[in-house]
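Visitor: Just so it is clear, I am handing over input04.txt, which has compact mmCIF, C-alpha atoms.
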```txt
# COMPACT_ATOMS: atom_id res chain seq x y z
CA MET T 113 143.36 93.10 89.32
CA ALA T 114 141.82 90.99 92.09
CA ASP T 115 138.05 90.82 92.39
CA GLU T 116 136.46 92.72 95.23
CA VAL T 117 133.59 90.65 96.58
CA ILE T 118 131.44 91.85 99.46
CA LEU T 119 128.40 90.05 100.82
CA LEU T 120 125.83 92.07 102.78
CA ASP T 121 124.34 89.42 105.01
CA TYR T 122 122.51 88.48 108.20
CA TRP T 123 123.87 85.51 110.12
CA ALA T 124 120.53 83.73 110.66
CA SER T 125 119.06 84.23 107.18
CA PRO T 126 118.55 81.03 105.14
CA PHE T 127 118.89 83.25 102.04
CA GLY T 128 122.19 84.69 103.19
CA MET T 129 123.40 81.15 103.88
CA ARG T 130 122.75 80.22 100.25
CA ALA T 131 125.07 82.97 99.03
CA ARG T 132 127.78 82.11 101.58
CA ILE T 133 127.68 78.43 100.63
CA ALA T 134 127.93 79.20 96.90
CA LEU T 135 130.92 81.50 97.41
CA ARG T 136 132.70 78.89 99.54
CA GLU T 137 131.91 76.09 97.09
CA LYS T 138 133.75 78.15 94.50
CA GLY T 139 136.61 79.11 96.81
CA VAL T 140 135.92 82.83 96.29
CA LYS T 141 137.55 85.23 98.73
CA PHE T 142 134.88 87.55 100.04
CA GLU T 143 134.20 90.03 102.81
CA CYS T 144 131.05 89.28 104.78
CA ARG T 145 129.38 92.35 106.28
CA GLU T 146 126.73 91.73 108.89
CA GLU T 147 123.63 93.91 108.66
CA ASN T 148 121.42 94.99 111.53
CA LEU T 149 118.04 94.40 109.89
CA ARG T 150 116.40 96.93 112.20
CA ASP T 151 118.90 99.60 111.20
CA LYS T 152 119.91 98.88 107.64
CA SER T 153 123.19 100.37 106.46
CA PRO T 154 123.28 103.13 103.83
CA LEU T 155 125.23 100.68 101.65
CA LEU T 156 122.42 98.11 101.75
CA LEU T 157 119.79 100.73 100.97
CA GLN T 158 121.94 102.01 98.10
CA MET T 159 122.74 98.58 96.69
CA ASN T 160 119.23 97.12 97.01
CA PRO T 161 116.93 100.16 96.89
CA VAL T 162 113.97 98.16 95.54
CA ASN T 163 113.68 95.39 98.14
CA LYS T 164 116.12 96.66 100.81
CA LYS T 165 116.95 93.06 101.75
CA ILE T 166 119.95 90.84 102.23
CA PRO T 167 121.78 89.02 100.79
CA VAL T 168 123.37 91.47 98.39
CA LEU T 169 126.51 90.43 96.56
CA ILE T 170 128.62 93.42 95.58
CA HIS T 171 131.11 92.36 92.90
CA ASN T 172 133.61 95.07 92.00
CA GLY T 173 131.12 97.67 93.19
CA LYS T 174 128.10 96.27 91.32
CA PRO T 175 125.20 94.71 93.26
CA VAL T 176 123.40 91.43 92.60
CA CYS T 177 120.24 90.86 94.65
CA GLU T 178 117.88 87.93 95.42
CA SER T 179 119.59 84.84 96.81
CA MET T 180 119.13 82.38 93.94
CA ASN T 181 120.12 85.08 91.43
CA VAL T 182 123.25 85.57 93.51
CA VAL T 183 123.93 81.81 93.45
CA GLN T 184 123.43 81.62 89.68
CA TYR T 185 125.67 84.68 89.15
CA ILE T 186 128.41 83.15 91.33
CA ASP T 187 128.18 79.91 89.31
CA GLU T 188 128.52 81.78 86.02
CA VAL T 189 131.32 84.15 87.01
CA TRP T 190 133.45 81.55 88.81
CA SER T 191 132.64 78.72 86.47
CA GLY T 192 135.82 76.69 86.87
CA LYS T 193 135.20 74.91 90.15
CA ASN T 194 132.27 72.87 91.56
CA SER T 195 129.58 73.53 88.99
CA ILE T 196 126.33 74.37 90.80
CA PHE T 197 123.80 74.55 87.97
CA PRO T 198 123.34 71.68 85.48
CA SER T 199 124.51 72.36 81.93
CA ASP T 200 121.58 70.65 80.20
CA PRO T 201 118.70 73.09 79.53
CA TYR T 202 115.99 70.61 80.57
CA GLN T 203 117.77 69.81 83.87
CA ARG T 204 118.22 73.55 84.41
CA ALA T 205 114.50 74.08 83.90
CA GLN T 206 113.73 71.37 86.44
CA ALA T 207 116.14 72.94 88.95
CA ARG T 208 114.52 76.38 88.45
CA PHE T 209 111.06 74.85 88.88
CA TRP T 210 112.05 73.37 92.25
CA ILE T 211 113.63 76.65 93.39
CA ASP T 212 110.32 78.37 92.65
CA PHE T 213 108.50 75.62 94.60
CA ILE T 214 110.85 75.98 97.58
CA ASP T 215 110.60 79.76 97.63
CA THR T 216 106.80 79.66 97.65
CA LYS T 217 105.54 76.40 99.17
CA VAL T 218 108.33 75.88 101.75
CA TYR T 219 109.02 79.54 102.49
CA GLU T 220 105.48 80.57 103.43
CA PRO T 221 104.78 77.92 106.10
CA ALA T 222 108.42 77.94 107.33
CA ASP T 223 108.06 81.57 108.27
CA LYS T 224 105.00 80.79 110.40
CA ILE T 225 106.29 77.66 112.14
CA TRP T 226 108.68 79.48 114.45
CA SER T 227 106.72 82.72 114.83
CA THR T 228 103.16 81.59 115.62
CA THR T 229 101.17 79.31 117.91
CA GLY T 230 97.89 77.45 118.00
CA GLU T 231 95.93 76.78 114.84
CA VAL T 232 98.06 79.01 112.64
CA GLN T 233 101.17 77.08 113.65
CA GLU T 234 99.43 73.72 113.20
CA THR T 235 98.36 74.65 109.67
CA ALA T 236 101.87 75.88 108.91
CA LYS T 237 103.35 72.56 110.12
CA LYS T 238 100.94 70.62 107.95
CA ASP T 239 101.72 72.74 104.86
CA PHE T 240 105.45 72.59 105.54
CA ILE T 241 105.50 68.78 105.80
CA GLU T 242 103.31 68.47 102.69
CA ALA T 243 105.80 70.58 100.75
CA LEU T 244 108.77 68.59 102.11
CA LYS T 245 107.11 65.33 101.10
CA ILE T 246 106.72 66.57 97.55
CA LEU T 247 110.41 67.51 97.56
CA GLU T 248 111.30 64.12 99.05
CA ALA T 249 109.45 62.39 96.20
CA GLU T 250 111.45 64.47 93.73
CA LEU T 251 114.70 63.59 95.52
CA GLY T 252 113.89 59.88 95.23
CA ASP T 253 116.96 57.77 95.91
CA LYS T 254 119.47 60.37 94.72
CA PRO T 255 122.02 61.51 97.34
CA TYR T 256 121.34 65.13 96.36
CA PHE T 257 118.69 66.96 94.35
CA GLY T 258 121.57 67.60 91.95
CA GLY T 259 122.03 63.83 91.53
CA ASP T 260 125.48 62.69 92.57
CA ASN T 261 126.58 66.28 93.07
CA PHE T 262 125.56 69.00 95.51
CA GLY T 263 123.82 71.54 93.30
CA PHE T 264 121.49 74.47 92.88
CA VAL T 265 118.42 72.99 94.58
CA ASP T 266 120.51 71.53 97.42
CA ILE T 267 121.99 74.98 98.11
CA ALA T 268 118.49 76.47 98.16
CA MET T 269 117.29 73.87 100.67
CA THR T 270 120.37 73.94 102.89
CA GLY T 271 119.45 77.38 104.21
CA TYR T 272 116.22 75.76 105.49
CA TYR T 273 117.98 72.56 106.67
CA SER T 274 119.91 74.72 109.16
CA TRP T 275 116.55 75.81 110.62
CA PHE T 276 115.00 72.31 110.84
CA GLU T 277 116.03 71.70 114.45
CA PRO T 278 114.75 75.11 115.67
CA PHE T 279 111.48 74.53 113.74
CA GLU T 280 111.05 71.14 115.40
CA LYS T 281 111.60 72.64 118.84
CA CYS T 282 109.34 75.66 118.26
CA ALA T 283 106.48 73.57 116.91
CA ASN T 284 107.04 70.25 118.68
CA PHE T 285 107.28 67.86 115.75
CA SER T 286 109.83 65.60 114.07
CA ILE T 287 110.76 66.27 110.46
CA GLU T 288 112.84 63.09 110.33
CA SER T 289 109.89 60.83 111.13
CA GLU T 290 107.86 62.48 108.35
CA CYS T 291 110.61 62.75 105.73
CA PRO T 292 113.47 60.35 106.51
CA THR T 293 115.03 60.35 103.04
CA LEU T 294 115.03 64.12 102.82
CA MET T 295 116.66 64.26 106.27
CA ALA T 296 119.37 61.86 105.12
CA SER T 297 120.14 64.19 102.20
CA ALA T 298 119.97 67.19 104.56
CA LYS T 299 122.55 65.60 106.88
CA ARG T 300 124.78 64.94 103.87
CA CYS T 301 124.54 68.60 102.85
CA LEU T 302 125.12 69.86 106.39
CA GLN T 303 128.42 67.96 106.50
CA ARG T 304 129.95 69.67 103.45
CA GLU T 305 132.84 71.97 104.30
CA SER T 306 131.29 74.97 102.52
CA VAL T 307 128.11 74.46 104.55
CA VAL T 308 129.77 73.82 107.92
CA ASN T 309 131.60 77.14 107.49
CA SER T 310 128.48 79.00 106.38
CA ILE T 311 125.70 78.11 108.77
CA PRO T 312 125.22 78.95 112.44
CA ASN T 313 124.78 76.46 115.24
CA PRO T 314 121.11 75.37 115.44
CA ASP T 315 121.12 76.24 119.17
CA GLU T 316 121.91 79.85 118.28
CA LEU T 317 119.09 79.90 115.72
CA PHE T 318 116.68 78.44 118.29
CA ALA T 319 117.77 81.07 120.84
CA LEU T 320 117.06 83.77 118.24
CA ALA T 321 113.63 82.30 117.49
CA LEU T 322 112.76 82.26 121.20
CA LYS T 323 113.97 85.85 121.66
CA LEU T 324 111.88 87.05 118.71
CA ARG T 325 108.82 85.09 119.83
CA LYS T 326 109.07 86.80 123.22
CA GLU T 327 109.36 90.21 121.55
CA TYR T 328 106.33 89.54 119.37
CA GLY T 329 104.40 88.30 122.41
CA VAL T 330 103.91 84.83 120.94
CA MET M 79 113.76 64.62 63.79
CA ALA M 80 111.52 67.66 64.19
CA ASP M 81 110.76 68.94 67.67
CA GLU M 82 107.29 68.33 69.05
CA VAL M 83 106.24 71.35 71.07
CA ILE M 84 102.86 71.60 72.79
CA LEU M 85 101.66 74.49 74.93
CA LEU M 86 98.83 73.92 77.41
CA ASN M 87 97.35 77.32 78.16
CA PHE M 88 94.27 79.34 79.08
CA TRP M 89 93.81 82.48 76.99
CA PRO M 90 93.53 85.23 79.71
CA SER M 91 96.57 84.05 81.65
CA ILE M 92 99.36 86.62 81.86
CA PHE M 93 101.68 83.71 82.56
CA GLY M 94 100.62 81.82 79.41
CA MET M 95 101.11 84.97 77.35
CA ARG M 96 104.79 85.00 78.29
CA THR M 97 105.40 81.52 76.95
CA THR M 98 103.29 82.06 73.83
CA ILE M 99 105.16 85.27 72.98
CA ALA M 100 108.52 83.60 73.67
CA LEU M 101 107.71 80.75 71.26
CA GLU M 102 106.49 83.21 68.62
CA GLU M 103 109.57 85.42 69.01
CA LYS M 104 111.76 82.37 68.34
CA GLY M 105 109.68 81.21 65.40
CA VAL M 106 109.12 77.81 67.03
CA LYS M 107 106.39 75.63 65.51
CA TYR M 108 104.11 74.52 68.34
CA GLU M 109 100.65 73.14 68.96
CA TYR M 110 98.49 75.38 71.14
CA ARG M 111 95.98 73.56 73.32
CA GLU M 112 93.41 75.55 75.26
CA GLU M 113 92.42 74.25 78.70
CA GLU M 114 88.74 75.10 78.19
CA ASP M 115 87.70 74.74 81.81
CA VAL M 116 90.92 75.18 83.73
CA ILE M 117 89.14 75.94 87.02
CA ASN M 118 86.70 73.05 87.24
CA ASN M 119 87.75 70.44 84.73
CA LYS M 120 91.48 70.22 84.06
CA THR M 121 92.53 67.81 81.32
CA ARG M 122 94.28 64.58 82.17
CA LEU M 123 97.31 65.78 80.24
CA LEU M 124 97.61 68.92 82.37
CA LEU M 125 97.34 66.91 85.59
CA GLU M 126 99.92 64.42 84.31
CA MET M 127 102.35 67.07 83.07
CA ASN M 128 102.07 69.42 86.06
CA PRO M 129 101.12 67.17 88.99
CA VAL M 130 102.67 69.51 91.57
CA HIS M 131 100.77 72.73 90.78
CA LYS M 132 98.14 71.53 88.25
CA LYS M 133 98.40 74.91 86.51
CA ILE M 134 98.91 76.32 83.06
CA PRO M 135 100.98 77.18 81.16
CA VAL M 136 102.76 73.87 80.61
CA LEU M 137 105.28 73.56 77.82
CA ILE M 138 105.71 69.98 76.61
CA HIS M 139 108.88 69.56 74.53
CA ASN M 140 109.28 66.12 72.94
CA GLY M 141 107.02 64.68 75.64
CA LYS M 142 108.85 66.30 78.56
CA PRO M 143 107.09 69.02 80.59
CA VAL M 144 108.50 72.37 81.65
CA CYS M 145 106.34 74.24 84.16
CA GLU M 146 106.28 77.84 85.48
CA SER M 147 106.22 80.57 82.85
CA ILE M 148 109.48 82.33 83.75
CA VAL M 149 111.25 78.95 83.76
CA GLN M 150 109.70 78.24 80.34
CA VAL M 151 110.89 81.53 78.83
CA GLN M 152 114.45 80.81 79.97
CA TYR M 153 114.22 77.26 78.64
CA ILE M 154 112.96 78.47 75.27
CA ASP M 155 115.82 80.99 75.13
CA GLU M 156 118.37 78.25 75.86
CA ILE M 157 116.96 75.62 73.47
CA TRP M 158 116.50 78.06 70.56
CA PRO M 159 119.32 80.55 71.20
CA GLU M 160 120.01 81.88 67.71
CA LYS M 161 116.93 83.97 66.96
CA ASN M 162 115.93 86.97 69.11
CA PRO M 163 117.91 86.09 72.27
CA PHE M 164 116.00 87.19 75.37
CA LEU M 165 118.60 87.16 78.11
CA PRO M 166 121.90 89.08 77.89
CA LYS M 167 125.10 87.03 77.62
CA ASP M 168 126.87 89.02 80.33
CA PRO M 169 126.33 87.42 83.79
CA TYR M 170 125.79 90.80 85.50
CA GLN M 171 123.22 91.99 82.94
CA ARG M 172 121.56 88.60 83.15
CA ALA M 173 121.34 88.86 86.95
CA GLN M 174 119.67 92.27 86.57
CA ALA M 175 117.10 90.88 84.12
CA LEU M 176 116.36 87.93 86.43
CA PHE M 177 115.98 90.35 89.37
CA TRP M 178 113.29 92.34 87.54
CA ALA M 179 111.50 89.20 86.43
CA ASP M 180 111.41 88.10 90.07
CA PHE M 181 110.10 91.56 91.09
CA ILE M 182 107.30 91.32 88.53
CA GLU M 183 106.43 87.79 89.64
CA LYS M 184 106.55 88.25 93.40
CA LYS M 185 105.31 91.81 93.73
CA VAL M 186 103.42 92.98 90.65
CA CYS M 187 101.54 89.74 89.92
CA VAL M 188 100.58 89.20 93.56
CA CYS M 189 99.38 92.80 94.00
CA GLY M 190 97.59 92.74 90.63
CA ARG M 191 95.53 89.80 91.78
CA ARG M 192 94.41 91.76 94.84
CA VAL M 193 93.14 94.55 92.58
CA TRP M 194 90.41 92.39 91.07
CA THR M 195 89.71 90.14 94.07
CA THR M 196 89.09 92.76 96.77
CA LYS M 197 86.81 95.68 97.46
CA GLY M 198 86.52 98.73 99.67
CA GLU M 199 89.59 99.66 101.72
CA GLU M 200 91.52 96.57 100.67
CA LEU M 201 91.01 97.48 97.02
CA GLU M 202 92.15 101.05 97.63
CA ALA M 203 95.35 99.79 99.28
CA ALA M 204 95.92 97.30 96.44
CA ASN M 205 95.47 100.00 93.80
CA LYS M 206 97.88 102.33 95.54
CA GLU M 207 100.51 99.61 95.85
CA PHE M 208 99.99 98.43 92.26
CA LEU M 209 100.64 101.89 90.86
CA GLU M 210 103.70 102.29 93.09
CA LEU M 211 105.11 99.03 91.76
CA LEU M 212 104.45 100.04 88.15
CA LYS M 213 106.23 103.32 88.77
CA ILE M 214 109.27 101.44 90.06
CA LEU M 215 109.25 99.46 86.81
CA GLN M 216 108.79 102.65 84.83
CA SER M 217 111.81 104.15 86.54
CA GLU M 218 113.86 101.04 85.69
CA LEU M 219 112.78 101.36 82.06
CA GLY M 220 113.99 104.97 82.01
CA ASP M 221 114.42 106.25 78.49
CA LYS M 222 115.20 102.84 76.99
CA PRO M 223 112.76 101.66 74.31
CA TYR M 224 112.55 98.25 76.02
CA PHE M 225 113.57 96.82 79.38
CA GLY M 226 116.05 94.80 77.32
CA GLY M 227 117.59 98.05 75.99
CA ASP M 228 117.34 98.43 72.24
CA LYS M 229 115.82 95.01 71.84
CA PHE M 230 112.67 93.36 73.18
CA GLY M 231 114.03 90.95 75.79
CA PHE M 232 113.37 88.83 78.83
CA VAL M 233 111.82 91.40 81.15
CA ASP M 234 109.65 92.75 78.31
CA THR M 235 108.37 89.20 77.69
CA VAL M 236 107.64 88.69 81.40
CA LEU M 237 105.75 91.99 81.78
CA ILE M 238 103.92 92.52 78.49
CA GLY M 239 100.92 90.29 79.34
CA PHE M 240 99.85 92.96 81.84
CA PHE M 241 99.30 95.40 78.99
CA CYS M 242 96.03 93.75 77.94
CA TRP M 243 94.98 93.57 81.60
CA PHE M 244 95.62 97.28 82.26
CA PRO M 245 92.13 98.37 81.12
CA ALA M 246 90.65 95.84 83.58
CA TYR M 247 92.80 97.25 86.40
CA GLU M 248 91.79 100.78 85.40
CA LYS M 249 88.13 99.83 85.50
CA PHE M 250 88.26 98.23 88.94
CA GLY M 251 90.75 100.76 90.25
CA ASN M 252 88.98 103.76 88.84
CA TYR M 253 92.07 105.50 87.53
CA SER M 254 93.78 106.11 84.20
CA MET M 255 96.98 104.18 83.43
CA GLU M 256 97.86 106.80 80.82
CA SER M 257 97.90 109.59 83.36
CA GLU M 258 99.59 107.53 86.08
CA CYS M 259 102.19 105.64 84.02
CA SER M 260 102.44 107.22 80.61
CA GLU M 261 105.94 105.92 79.81
CA LEU M 262 104.97 102.37 80.67
CA MET M 263 101.92 102.71 78.42
CA ALA M 264 104.20 103.99 75.63
CA TRP M 265 106.40 100.93 76.17
CA GLY M 266 103.33 98.68 75.90
CA LYS M 267 102.24 100.28 72.64
CA ARG M 268 105.77 99.90 71.28
CA CYS M 269 105.71 96.18 72.15
CA MET M 270 102.30 95.86 70.49
CA GLN M 271 103.99 96.67 67.18
CA ARG M 272 105.66 93.27 67.33
CA ASP M 273 103.70 90.49 65.64
CA SER M 274 104.37 88.11 68.53
CA VAL M 275 102.61 90.51 70.90
CA ALA M 276 99.90 91.98 68.67
CA ASN M 277 98.73 88.59 67.43
CA TYR M 278 98.73 86.83 70.78
CA LEU M 279 97.71 89.31 73.45
CA PRO M 280 93.94 89.00 73.95
CA ASP M 281 91.59 91.93 73.38
CA PRO M 282 91.40 93.94 76.65
CA GLU M 283 87.59 94.06 76.41
CA ARG M 284 87.53 90.27 76.41
CA VAL M 285 89.78 90.30 79.51
CA ILE M 286 87.40 92.70 81.29
CA GLY M 287 84.51 90.39 80.45
CA TYR M 288 86.45 87.44 81.86
CA VAL M 289 87.27 89.27 85.12
CA LEU M 290 83.60 90.27 85.56
CA HIS M 291 82.65 86.63 85.07
CA LEU M 292 85.21 85.51 87.68
CA LYS M 293 84.10 88.13 90.17
CA LYS M 294 80.54 86.86 89.81
CA LEU M 295 81.65 83.24 90.10
CA PHE M 296 83.56 83.85 93.32
CA GLY M 297 81.07 86.30 94.78
CA LEU M 298 83.49 89.16 94.52
CA GLU M 299 81.20 91.78 93.02
```
Translate the structure described by the file into structure tokens.
Guide:
Amino acid sequence: MADEVILLDYWASPFGMRARIALREKGVKFECREENLRDKSPLLLQMNPVNKKIPVLIHNGKPVCESMNVVQYIDEVWSGKNSIFPSDPYQRAQARFWIDFIDTKVYEPADKIWSTTGEVQETAKKDFIEALKILEAELGDKPYFGGDNFGFVDIAMTGYYSWFEPFEKCANFSIESECPTLMASAKRCLQRESVVNSIPNPDELFALALKLRKEYGV
Amino acid sequence: MADEVILLNFWPSIFGMRTTIALEEKGVKYEYREEEDVINNKTRLLLEMNPVHKKIPVLIHNGKPVCESIVQVQYIDEIWPEKNPFLPKDPYQRAQALFWADFIEKKVCVCGRRVWTTKGEELEAANKEFLELLKILQSELGDKPYFGGDKFGFVDTVLIGFFCWFPAYEKFGNYSMESECSELMAWGKRCMQRDSVANYLPDPERVIGYVLHLKKLFGLE
């Protein structure tokens, strides 16, 4: 019996992008259902009653929530193609460490860069670049965080890479001049087929950011 | 060649308790090193092994560091898989366990910190939220003896450190955990019957003393 795979998603979400990329890396057929985050569907509220957030992967009726959990689950269930997570326990621990770093130290300032102004935005820019520089040091001269292969940490970052241009425009700075090696890896990731098919045009993301800023009176 | 396992820790840390209990559950021989003054005077080893966050716990396995307690518990489970496995083998069950660990980390830990670092209205809001979060966990536990089902598992390991902090939360929150979350308290007592937990969770009175000391230090009285 064929798998039924549904992804509850929101087009602009870096977290949703992670799940989409992982599914496409594995060649999994899935149905993507767009959520209106201001009017969440009964299915979303039923499948993620605790956090009520996207992405939610519903595999044969059973939900998996939290984007990197979804990515790990996808890697384990569809293990044949394009391994995402390293097999060595120490490498896995390093990958998990960097996911935790990204989802705290990159996430918090990233959220403020496009949605604030003045001093708050300046501090967010500073914190964001600091976090990216630490990641860049970890990347070193590897093409990807996963080494030669696009992996778990790369997928986590690619959701944010799609937002780099809108961030730069909202906050008037250049990520490339601060973190050239990271940008080179980002460009490599953004060219992968699974990514090209999974992320929106940066102009659309920037338009969304501007629309929301206007609504919030920023 | 025998493994060399070192744990850099600070005794009241809920995070350190996870790793300690995980090592004990697996029967791993390890050297415990207390960071005596983790706030003001971190050891060179800690700074070298966790340069990014400079925090305990740090697990050093044959000279190589693993940082972040939930990462450490998974690592320990993968390196020493035979005894007392923490995470289920089934990918779906594993995803559920990881979800709850993330919930504890991102919601319960963060809110718990607000309980002892705020006062007045902020404290009242923190207390209300903290109890709500514990009730969500209680509902997930249901009538299972452990979050892991019949066996003490991953989520139990991630949460149990809170049990010795509950009296401190009660004191600063001015409520009774027993009357608010009796099933969770029963779970805690059940876990305390395990040697790994009973021998390594600090005395709650000592934790209260530590929190009072911190509140004074940071002018939070």
Visitor: Neighbours of stretch 226-240 of chain M within 6 Å (all atoms listed in the file; same-chain residues fewer than 4 positions away dropped), as a VMD selection string?
Guide: chain M and resid 92 95 to 96 164 to 165 179 222
Visitor: Which residues of chain M are close to chain T, meaning at most 12 Å apart when you count all atoms listed in the file, and how do they look as number ranges by chain?
Guide: M: 128-131, 136-159, 167-185, 210-211, 213-215, 217-218
Visitor: List as a compact mmCIF listing (two decimals) with C-alpha atoms, in the frame of the given file the protein and nucleic acid residues near M:Phe244, meaning an atom at most 9 Å away when all atoms listed in the file are counted, but skip any in the same chain fewer than 4 places from it.
Guide:
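Saved to selection-v6.txt:
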```
# COMPACT_ATOMS: atom_id res chain seq x y z
CA PHE M 240 99.85 92.96 81.84
CA GLU M 248 91.79 100.78 85.40
CA LYS M 249 88.13 99.83 85.50
CA MET M 255 96.98 104.18 83.43
CA PRO M 282 91.40 93.94 76.65
```
Visitor: Excluding T:Arg130 and its own-chain neighbours fewer than 6 positions away, which residues fall within 10 Å of it when counting all atoms listed in the file? Please give them as a list of chain:residue names.
Guide: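 So the residues in contact are T:Pro167, T:Ser179, T:Met180, T:Val182, T:Val183, T:Phe264, T:Asp266, T:Ile267, T:Ala268, T:Met269, T:Thr270, T:Gly271, T:Tyr272, T:Val307, T:Ser310, T:Ile311.
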Visitor: Tell me which of M:Gln216, M:Asn205, M:Thr97, M:Thr195 sits closest to M:Gly266, counting all atoms listed in the file.
Guide: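 For M:Gly266, the nearest of the candidates is M:Gln216.
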Visitor: My list of candidates is M:Trp243, M:Tyr288, M:Phe225, M:Phe250. Which is closest to M:Cys269 when distances are computed with all atoms listed in the file?
Guide: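 Smallest separation from M:Cys269 among the options: M:Phe225.
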Visitor: Nearest to M:Lys133 among M:Asn277, M:Ser91, M:Cys189, M:Lys107, with distances taken over only C-alpha atoms: which residue is it?
Guide: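 Checking each candidate against M:Lys133, we get M:Ser91 as the closest.
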Visitor: Given the point (86.5, 89.7, 85.4) in the file's coordinates, find the residues that have an atom at most 12 Å from it, counting all atoms listed in the file, and give them as a PyMOL selection string.
Guide: chain M and resi 90+191+193-195+243+245-247+249-250+282-299
Visitor: For M:Leu86, find every residue with an atom within 9 Å (counting all atoms listed in the file), except residues of its own chain fewer than 3 positions away, and show them as number ranges by chain.
Guide: M: 94, 109-113, 123-124, 134-138
Visitor: Rank M:Lys161, M:Arg192, M:Lys267, M:Lys206 by their smallest atom-to-atom distance to M:Leu101, using all atoms listed in the file, and report the top residue only.
Guide: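 Closest residue, counting all atoms listed in the file: M:Lys161.
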Visitor: Of the candidates T:Gly252, T:Pro312, T:Gly173, T:Gly230, which one gets nearest to T:Met129 if we count only C-alpha atoms?
Guide: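 Checking each candidate against T:Met129, we get T:Pro312 as the closest.
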Visitor: Check the smallest atom-to-atom distance from each of T:Leu320, T:Ile170, T:Ala236, T:Ala222 to T:Ile118 using all atoms listed in the file, then report the winner.
Guide: T:Ile170
Visitor: Around stretch 149-160 of chain T, fit a box with edges along x, y and z, padding it by 3 Å on each side, then list its centre and edge lengths in Å to one decimal as JSON.
Guide:
```
{"center_x": 120.8, "center_y": 98.8, "center_z": 104.4, "size_x": 14.8, "size_y": 14.7, "size_z": 21.5}
```
Visitor: Could you jot down the atom CA of T:Phe197 to atom CA of T:Gly258 separation for me, Å, one decimal place?
Guide: 8.3 Å
Visitor: Suppose you want the space between atom CA of T:Phe127 and atom CA of T:Tyr219; what is it in Å?
Guide: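 We find that atom CA of T:Phe127 and atom CA of T:Tyr219 lie 10.6 Å from each other.
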Visitor: Please rebuild stretch 118-129 of chain T with N, CA and C atoms and give the result as an mmCIF file, keeping the file's coordinate frame.
Guide:
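Wrote result39.cif, looks like this:
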```cif
data_model
loop_
_atom_site.group_PDB
_atom_site.id
_atom_site.type_symbol
_atom_site.label_atom_id
_atom_site.label_comp_id
_atom_site.auth_asym_id
_atom_site.auth_seq_id
_atom_site.Cartn_x
_atom_site.Cartn_y
_atom_site.Cartn_z
ATOM 1 N N ILE T 118 132.007 91.567 98.144
ATOM 2 C CA ILE T 118 131.440 91.850 99.460
ATOM 3 C C ILE T 118 130.057 91.213 99.507
ATOM 4 N N LEU T 119 129.741 90.600 100.650
ATOM 5 C CA LEU T 119 128.400 90.050 100.820
ATOM 6 C C LEU T 119 127.727 90.759 101.984
ATOM 7 N N LEU T 120 126.638 91.466 101.704
ATOM 8 C CA LEU T 120 125.830 92.070 102.780
ATOM 9 C C LEU T 120 124.889 90.967 103.243
ATOM 10 N N ASP T 121 124.923 90.694 104.541
ATOM 11 C CA ASP T 121 124.340 89.420 105.010
ATOM 12 C C ASP T 121 123.714 89.592 106.379
ATOM 13 N N TYR T 122 123.012 88.568 106.825
ATOM 14 C CA TYR T 122 122.510 88.480 108.200
ATOM 15 C C TYR T 122 122.703 87.051 108.622
ATOM 16 N N TRP T 123 123.376 86.840 109.747
ATOM 17 C CA TRP T 123 123.870 85.510 110.120
ATOM 18 C C TRP T 123 122.798 84.423 110.106
ATOM 19 N N ALA T 124 121.559 84.762 110.484
ATOM 20 C CA ALA T 124 120.530 83.730 110.660
ATOM 21 C C ALA T 124 119.707 83.497 109.385
ATOM 22 N N SER T 125 119.923 84.311 108.359
ATOM 23 C CA SER T 125 119.060 84.230 107.180
ATOM 24 C C SER T 125 119.357 83.010 106.314
ATOM 25 N N PRO T 126 118.331 82.175 106.036
ATOM 26 C CA PRO T 126 118.550 81.030 105.140
ATOM 27 C C PRO T 126 118.971 81.498 103.735
ATOM 28 N N PHE T 127 118.566 82.711 103.375
ATOM 29 C CA PHE T 127 118.890 83.250 102.040
ATOM 30 C C PHE T 127 120.335 83.693 101.999
ATOM 31 N N GLY T 128 120.782 84.326 103.081
ATOM 32 C CA GLY T 128 122.190 84.690 103.190
ATOM 33 C C GLY T 128 123.083 83.458 103.172
ATOM 34 N N MET T 129 122.600 82.385 103.834
ATOM 35 C CA MET T 129 123.400 81.150 103.880
ATOM 36 C C MET T 129 123.635 80.604 102.476
#
```
